[in-house]
Amino acid sequence: MNLEIGLTTEAAVKRNLEEGDNKLPEKEKTPAWIRFLKEITNWFAIMLWIGSILCIITFIIQPEGNLPNLVLGFVLIGVIVLTGVITFAQGAKSEALMEGFKNMLPSVCKVLRDGKITQLPA
């Protein structure tokens with residue numbers, strides 16, 4: 001390679017065959033339902049799940065006078081689902097933002113081949 005003339009077309013094709021295209025590897029996307037499941041099963045949500053289950057079990061064992069425990073159990077489940085939905089939506093927005101950054105990359109680049117500046121797809 002010479003800095004005055006750049007790579008020859010043959011050398012560029014050979015390097016491309018040896019090293020592959022100049023691309024970042026795509027990260028495999030996790031399905032949405034798995035991402036949501038992760039949101040409602042983090043360590044804090046698990047503690048809330050345990051609390052809600054204990055409240056419901058307390059009501060089942062002794063229903064008289066324990067209606068507030070049943071209500072609290074279902075309120076905790078509602079809190080878990082609500083926070084899961086909110087954090088899932090925030091994660092989806094940030095992923096969309098990162099996808100938008102990909103669109104900002106240039107689609108062509110200038111290279112020096114055989115002594116001439118040419119444009120190639122990036």
# chains A, B, ... in the order shown; residues from 1 in each chain; ligands from 1
>>> residues_around(residues="Pro31 in chain A", least_positions_apart="4", cutoff="12 Å", atoms="only C-alpha atoms", output="list in words")
Arg35, Phe36, Leu37, Lys38, Phe88 and Ala92 of chain A
>>> residues_around(residues="Glu95 in chain A", least_positions_apart="6", cutoff="12 Å", atoms="only C-alpha atoms", output="PyMOL selection string")
chain A and resi 27+29-30+32+35+88-89+101-102
>>> write_last_selection(atoms="C-alpha atoms", output="compact mmCIF listing (two decimals), in the first residue's frame")
# COMPACT_ATOMS: atom_id res chain seq x y z
CA LYS A 27 -26.79 -8.08 18.34
CA LYS A 29 -32.74 -9.04 19.63
CA THR A 30 -34.52 -10.48 22.63
CA ALA A 32 -40.49 -8.39 23.71
CA ARG A 35 -37.86 -8.44 28.06
CA PHE A 88 -40.45 -1.92 29.52
CA ALA A 89 -41.72 1.16 27.65
CA PHE A 101 -28.33 6.54 15.62
CA LYS A 102 -27.65 3.87 13.01
>>> select_by_dssp(residues="chain A", states="alpha helix (DSSP H)", output="number ranges by chain")
A: 9-19, 32-39, 43-61, 67-103
>>> closest_residue(among="A:Phe59, A:Pro121, A:Pro68, A:Leu3", to="Leu105 in chain A", atoms="only C-alpha atoms")
A:Pro121
>>> select_by_dssp(residues="chain A", states="strand (DSSP E)", output="list in words")
Val108, Cys109, Lys110, Val111, Leu112, Arg113, Lys116, Ile117, Thr118, Gln119, Leu120 and Pro121 of chain A
>>> write_last_selection(atoms="N, CA and C atoms", output="short mmCIF file (atom, residue, chain, number, x, y, z; two decimals), in the first residue's frame")
data_model
loop_
_atom_site.label_atom_id
_atom_site.label_comp_id
_atom_site.auth_asym_id
_atom_site.auth_seq_id
_atom_site.Cartn_x
_atom_site.Cartn_y
_atom_site.Cartn_z
N VAL A 108 -22.08 6.52 2.37
CA VAL A 108 -20.95 6.37 1.46
C VAL A 108 -19.69 6.91 2.13
N CYS A 109 -18.55 6.44 1.65
CA CYS A 109 -17.26 6.94 2.15
C CYS A 109 -16.33 7.15 0.96
N LYS A 110 -15.37 8.02 1.17
CA LYS A 110 -14.39 8.30 0.13
C LYS A 110 -13.14 7.48 0.41
N VAL A 111 -12.63 6.84 -0.64
CA VAL A 111 -11.42 6.01 -0.52
C VAL A 111 -10.45 6.36 -1.65
N LEU A 112 -9.20 6.07 -1.38
CA LEU A 112 -8.16 6.28 -2.39
C LEU A 112 -7.82 4.93 -3.00
N ARG A 113 -8.25 4.73 -4.24
CA ARG A 113 -8.02 3.47 -4.95
C ARG A 113 -7.31 3.77 -6.28
N LYS A 116 -6.89 7.35 -7.33
CA LYS A 116 -8.07 8.20 -7.53
C LYS A 116 -8.96 8.11 -6.30
N ILE A 117 -9.57 9.24 -5.95
CA ILE A 117 -10.53 9.25 -4.83
C ILE A 117 -11.89 8.84 -5.41
N THR A 118 -12.43 7.78 -4.84
CA THR A 118 -13.75 7.31 -5.29
C THR A 118 -14.66 7.15 -4.07
N GLN A 119 -15.95 7.07 -4.33
CA GLN A 119 -16.92 6.86 -3.27
C GLN A 119 -17.43 5.43 -3.34
N LEU A 120 -17.50 4.82 -2.15
CA LEU A 120 -18.00 3.46 -2.03
C LEU A 120 -19.10 3.41 -0.97
N PRO A 121 -19.99 2.44 -1.05
CA PRO A 121 -20.96 2.30 0.02
C PRO A 121 -20.25 2.00 1.34
#
>>> closest_atom_pairs(of="range 18-76 of chain A", to="range 4-13 of chain A", cutoff="12 Å", atoms="only C-alpha atoms", output="Markdown table")
| residue | atom | partner | partner_atom | distance |
| --- | --- | --- | --- | --- |
| A:Glu18 | CA | A:Val13 | CA | 8.7 |
| A:Glu19 | CA | A:Val13 | CA | 10.0 |
| A:Gly20 | CA | A:Val13 | CA | 9.8 |
| A:Asp21 | CA | A:Val13 | CA | 10.3 |
| A:Asn22 | CA | A:Ala12 | CA | 11.9 |
>>> write_last_selection(atoms="N, CA and C atoms", output="tab-separated table (two decimals), in the first residue's frame")
chain	number	residue	atom	x	y	z
A	18	GLU	N	-10.61	-11.73	2.63
A	18	GLU	CA	-9.92	-12.28	3.80
A	18	GLU	C	-10.56	-11.84	5.12
A	19	GLU	N	-10.90	-10.56	5.21
A	19	GLU	CA	-11.34	-9.99	6.49
A	19	GLU	C	-12.84	-9.74	6.58
A	20	GLY	N	-13.52	-9.79	5.46
A	20	GLY	CA	-14.96	-9.55	5.48
A	20	GLY	C	-15.31	-8.08	5.37
A	21	ASP	N	-16.61	-7.82	5.31
A	21	ASP	CA	-17.08	-6.44	5.18
A	21	ASP	C	-16.80	-5.66	6.46
A	22	ASN	N	-16.72	-4.35	6.33
A	22	ASN	CA	-16.46	-3.46	7.45
A	22	ASN	C	-17.79	-3.12	8.13
